[in-house]
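A.B. asks: Quick one: structure below, then a few questions.
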There are 2 protein chains.
Amino acid sequence: MQCVVYHIPMERIRPVSVKQMIIETLSKEIVTCKILPGQVLNERELSLMLGVSRTPVREAIQFLATEGFITGSERKSWRVTVPDVNTICDVFGFRRIIELSGLDALFQLNDDQLLDYAGSLFDDINLDNVRQDRESYLKRDRELHRIFANSLGNSRAMETFNKLSVWVDWVRHLLPRNVITQNGLIEHKNLCAAIRARDLPESKRLLANHISRAEQDFVNLMSKSKNNNFIAEETVL
Amino acid sequence: MQCVVYHIPMERIRPVSVKQMIIETLSKEIVTCKILPGQVLNERELSLMLGVSRTPVREAIQFLATEGFITGSERKSWRVTVPDVNTICDVFGFRRIIELSGLDALFQLNDDQLLDYAGSLFDDINLDNVRQDRESYLKRDRELHRIFANSLGNSRAMETFNKLSVWVDWVRHLLPRNVITQNGLIEHKNLCAAIRARDLPESKRLLANHISRAEQDFVNLMSKSKNNNFIAEETVL
């Protein structure tokens with residue numbers, strides 16, 4: 001008998017716990033609004049639907065509750081959190097703090113290649129492209145903001161930034177598409193131009209305004225809505 | 001029969017779960033170095049010692065593992081984390097970001113009473129007082145830094161700040177007492193003087209230096225030590 005020798009380098013397998021897989025599945029469903037805010041989550045139904053036992057489902061729900069995505073308790077019932085204005089303002093406000101420090105850090109790195117790369121991220125994108133291929137636009141969007149946070153070189157700040165980003169993604173799914181995209185594209189293009197021109201104060205001003213405008217869009221949407229049912233309606237848009 | 005009428009206003013009872021109580025007990029023991037970094041944690045022993053069942057002990061350990069205080073896994077063994085240089089730099093770096101933004105926010109509030117209060121926190125404290133009553137000094141220390149973070153008016157940033165503060169407290173217990181106190185008192189007094197003088201740029205410079213110096217003290221201590229056993233030795237000082 002001959003031994004098989006593998007010449008293809010194989011990626012190391014890193015086991016993921018069932019609990020972790022449930023967390024990922026559930027949070028994705030919540031963030032993309034497949035499960036809507038306010039919806040009741042039933043442990044037994046979820047375990048049947050996902051084909052897993054109830055214990056990891058309960059643990060996953062408890063974890064997502066500490067992260068704020070799910071509200072309730074074991075005795076009462078679990079529900080998908082309905083984001084309120086205070087939560088959203090906290091998320092955007094904290095992101096603004098991290099990103100503005102990150103922008104400072106990016107300029108301090110003095111890495112021309114990185115600055116040029118960040119500054120050119122939206123060069124080949126116009127509103128027509130965005131309408132045809134929104135995902136590519138959002139990818140650039142995420143990439144630019146990630147560069148700011150990442151420039152801090154602080155894994156703890158990055159971890160917090162990533163958690164906040166999930167909330168921003170959620171909000172993005174709750175808002176009517178056309179509003180965010182139009183404002184966002186112009187703001188991103190202006191911000192990139194300021195970065196290319198190595199104008200830190202102007203870049204900071206534009207970034208702060210961009211985050212505040214996005215925050216305000218959501219706050220406005222919420223104030224227009226009654227009794228928290230707005231979300232299911234708006235996502236239809 | 002007569003009904004008893006209570007005229008004393010009573011505080012509402014808010015039930016705390018056993019898991020939560022174990023988390024608080026364990027994290028306090030870790031942060032105050034009653035349980036030292038590297039020490040093995042045995043679920044069965046802990047449940048016997050605390051007089052509780054094993055399930056909440058396991059849940060509490062798992063929670064403290066996600067917070068970074070405990071390292072390991074159920075299959076291997078749990079150990080109190082040995083803080084490394086990268087972790088400490090991340091903690092101090094992230095705190096610096098939050099507090100410097102907070103200092104900006106404090107000055108923007110333009111609240112003379114609060115600025116005067118913050119600026120006078122160390123007026124009546126000298127090195128002799130500190131030697132006799134270190135706790136009062138540390139209370140002022142925490143209060144000043146809390147004012148900065150709190151000025152952001154962002155509950156999510158405050159929550160992160162509180163979590164980082166626990167790490168700073170832990171580091172404080174790992175460092176020889178005399179080093180931190182001497183440097184810290186002078187730095188706090190200078191910082192408060194700049195706040196009283198309403199000098200924001202100088203306040204920010206002094207705050208950034210203060211946090212960086214504390215960070216550096218810990219990094220120096222770690223680089224002097226070999227094989228991670230430094231902590232048990234140093235705390236004897």
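Chain lettering (A, B, ...) mirrors the order of the structure tokens, residue numbering begins at 1 for each chain separately, and ligand numbering begins at 1 in order of display.
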Pull out every residue of chain A sitting within 6 Å of chain B, counting only C-alpha atoms, and send them as number ranges by chain.

C.D. replies: A: 90, 94, 154, 156-157

A.B. asks: Would you list, as a list in words, the residues of range 36-137 of chain B that end up in strand (DSSP E or B) under DSSP run on this structure's backbone?

C.D. replies: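 Selecting the strand (DSSP E or B) positions of range 36-137 of chain B gives Val40, Leu41, Ile70, Thr71, Trp78, Arg79 and Val80 of chain B.
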
A.B. asks: Of the candidates B:Val85, B:Leu121, B:Cys33, B:Ile23, which one gets nearest to Val57 in chain B if we count only C-alpha atoms?

C.D. replies: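 Answer, going by the shortest atom-to-atom distance: B:Ile23.
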
A.B. asks: Considering only C-alpha atoms, return as a list of chain:residue names whatever protein or nucleic-acid residues lie within 7 Å of range 113-119 of chain A, sequence-local ones (same chain, fewer than 5 positions apart) excluded.

C.D. replies: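 Non-adjacent residues within range: A:Leu144, A:Cys192, A:Ala193, A:Ile195, A:Arg196.
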
A.B. asks: Enter the distance from CA of His210 in chain B to CA of Arg96 in chain B, in Å, rounded to one decimal.

C.D. replies: 9.4 Å

A.B. asks: Looking only at the backbone, which of the residues in range 117-215 of chain B does DSSP tag as alpha helix (DSSP H), as a PyMOL selection string?

C.D. replies: chain B and resi 117-119+127-132+134-150+155-174+177-196+200-215

A.B. asks: Would you mind listing what lies within 12 Å of range 123-132 of chain B as a ChimeraX atom specification, with only C-alpha atoms counted and same-chain residues fewer than 6 positions away left out?

C.D. replies: /B:116-117,138-141,177-178,180-186,188-193,196

A.B. asks: With only C-alpha atoms as the counted atoms, please give the residues lying no more than 8 Å from Thr71 in chain B, apart from itself and same-chain residues fewer than 5 positions off, as a list in words.

C.D. replies: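 These residues fall inside the cut-off: Ala65, Trp78, Arg79, Val80 and Thr81 of chain B.
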
A.B. asks: What would the file look like if the residues just selected were written as a CSV table (one decimal), in the first residue's frame with C-alpha atoms?

C.D. replies:
```csv
chain,number,residue,atom,x,y,z
B,65,ALA,CA,-12.9,34.6,29.7
B,78,TRP,CA,-8.9,27.7,33.1
B,79,ARG,CA,-6.2,30.0,34.4
B,80,VAL,CA,-6.2,33.6,35.5
B,81,THR,CA,-4.8,35.6,32.5
```

A.B. asks: So the first atom is CA of Ile22 in chain A and the second is CA of Ala60 in chain A; what is the distance between them in Å, to one decimal place?

C.D. replies: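 It comes out at 6.2 Å.
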
A.B. asks: Compile the contact shell of Asp104 in chain B as a list in words: residues with an atom at most 12 Å away, counting only C-alpha atoms, same-chain residues fewer than 5 positions apart removed.

C.D. replies: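 Final neighbour list, sorted by chain and number: Ile97 of chain A; Ile97, Ile98, Glu99, Leu109, Asn110, Leu115, Ile147, Phe148, Ala149, Asn150, Ser151, Leu152, Ile195, Arg198, Asp199, Leu200, Pro201, Glu202, Ser203, Lys204, Arg205 and Leu207 of chain B.
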
A.B. asks: With N, CA and C atoms retained, could you export that selection as an mmCIF file, in the first residue's frame?

C.D. replies:
```
data_model
loop_
_atom_site.group_PDB
_atom_site.id
_atom_site.type_symbol
_atom_site.label_atom_id
_atom_site.label_comp_id
_atom_site.auth_asym_id
_atom_site.auth_seq_id
_atom_site.Cartn_x
_atom_site.Cartn_y
_atom_site.Cartn_z
ATOM 1 N N ILE A 97 -15.800 59.075 17.922
ATOM 2 C CA ILE A 97 -14.611 59.239 18.777
ATOM 3 C C ILE A 97 -13.454 58.381 18.255
ATOM 4 N N ILE B 97 -7.541 57.386 24.211
ATOM 5 C CA ILE B 97 -8.437 57.891 23.164
ATOM 6 C C ILE B 97 -9.743 58.405 23.779
ATOM 7 N N ILE B 98 -10.340 57.589 24.643
ATOM 8 C CA ILE B 98 -11.634 57.967 25.241
ATOM 9 C C ILE B 98 -11.479 59.191 26.137
ATOM 10 N N GLU B 99 -10.424 59.202 26.971
ATOM 11 C CA GLU B 99 -10.277 60.313 27.922
ATOM 12 C C GLU B 99 -9.917 61.629 27.243
ATOM 13 N N LEU B 109 -18.579 71.528 27.394
ATOM 14 C CA LEU B 109 -19.752 71.692 28.263
ATOM 15 C C LEU B 109 -19.793 73.102 28.841
ATOM 16 N N ASN B 110 -18.564 73.672 29.004
ATOM 17 C CA ASN B 110 -18.445 75.045 29.503
ATOM 18 C C ASN B 110 -19.142 75.218 30.859
ATOM 19 N N LEU B 115 -15.792 72.305 35.967
ATOM 20 C CA LEU B 115 -14.364 72.508 35.670
ATOM 21 C C LEU B 115 -13.592 72.856 36.951
ATOM 22 N N ILE B 147 -14.711 61.759 35.350
ATOM 23 C CA ILE B 147 -15.300 63.022 34.869
ATOM 24 C C ILE B 147 -15.029 63.197 33.378
ATOM 25 N N PHE B 148 -13.785 62.912 32.961
ATOM 26 C CA PHE B 148 -13.442 63.047 31.540
ATOM 27 C C PHE B 148 -14.340 62.145 30.691
ATOM 28 N N ALA B 149 -14.347 60.836 31.023
ATOM 29 C CA ALA B 149 -15.107 59.873 30.218
ATOM 30 C C ALA B 149 -16.596 60.220 30.228
ATOM 31 N N ASN B 150 -17.068 60.609 31.398
ATOM 32 C CA ASN B 150 -18.493 60.898 31.570
ATOM 33 C C ASN B 150 -18.949 62.117 30.763
ATOM 34 N N SER B 151 -18.032 63.044 30.522
ATOM 35 C CA SER B 151 -18.382 64.269 29.794
ATOM 36 C C SER B 151 -18.809 63.975 28.366
ATOM 37 N N LEU B 152 -18.467 62.796 27.857
ATOM 38 C CA LEU B 152 -18.876 62.426 26.498
ATOM 39 C C LEU B 152 -20.376 62.207 26.423
ATOM 40 N N ILE B 195 -6.495 72.548 34.097
ATOM 41 C CA ILE B 195 -7.964 72.594 33.947
ATOM 42 C C ILE B 195 -8.502 73.861 34.612
ATOM 43 N N ARG B 198 -8.198 76.727 32.587
ATOM 44 C CA ARG B 198 -8.978 76.569 31.342
ATOM 45 C C ARG B 198 -8.066 76.460 30.121
ATOM 46 N N ASP B 199 -6.946 75.752 30.304
ATOM 47 C CA ASP B 199 -5.985 75.582 29.212
ATOM 48 C C ASP B 199 -6.168 74.179 28.619
ATOM 49 N N LEU B 200 -7.006 74.090 27.583
ATOM 50 C CA LEU B 200 -7.321 72.776 27.004
ATOM 51 C C LEU B 200 -6.103 72.100 26.371
ATOM 52 N N PRO B 201 -5.338 72.794 25.502
ATOM 53 C CA PRO B 201 -4.194 72.093 24.879
ATOM 54 C C PRO B 201 -3.211 71.558 25.921
ATOM 55 N N GLU B 202 -2.924 72.373 26.963
ATOM 56 C CA GLU B 202 -1.999 71.928 28.003
ATOM 57 C C GLU B 202 -2.613 70.762 28.805
ATOM 58 N N SER B 203 -3.898 70.835 29.083
ATOM 59 C CA SER B 203 -4.570 69.742 29.807
ATOM 60 C C SER B 203 -4.460 68.447 29.012
ATOM 61 N N LYS B 204 -4.686 68.532 27.695
ATOM 62 C CA LYS B 204 -4.623 67.333 26.856
ATOM 63 C C LYS B 204 -3.206 66.768 26.816
ATOM 64 N N ARG B 205 -2.227 67.668 26.740
ATOM 65 C CA ARG B 205 -0.831 67.223 26.709
ATOM 66 C C ARG B 205 -0.489 66.496 28.005
ATOM 67 N N LEU B 207 -2.568 65.104 30.200
ATOM 68 C CA LEU B 207 -3.334 63.862 30.360
ATOM 69 C C LEU B 207 -2.719 62.741 29.522
#
```

A.B. asks: I'd like to know which of B:Leu50, B:Ala208, B:Leu41, B:Leu174 is closest to Ile88 in chain B, using only C-alpha atoms.

C.D. replies: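 Among the listed residues, B:Leu174 lies closest to Ile88 in chain B.
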
A.B. asks: Record the distance separating CA of Lys76 in chain B and CA of Arg44 in chain B, expressed in Å with one decimal.

C.D. replies: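 Between CA of Lys76 in chain B and CA of Arg44 in chain B the gap is 14.3 Å.
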
A.B. asks: Would you please work out which residue, of A:Asp84, A:Glu45, A:Glu67, A:Asp111, is nearest to Met222 in chain A when using only C-alpha atoms?

C.D. replies: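 Answer, going by the shortest atom-to-atom distance: A:Asp84.
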
A.B. asks: With only C-alpha atoms as the basis for distance, which of A:Val219, A:Ala197, A:Ala214, A:Leu36 is at the shortest distance from Asp112 in chain A?

C.D. replies: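 For Asp112 in chain A, the nearest of the candidates is A:Ala197.
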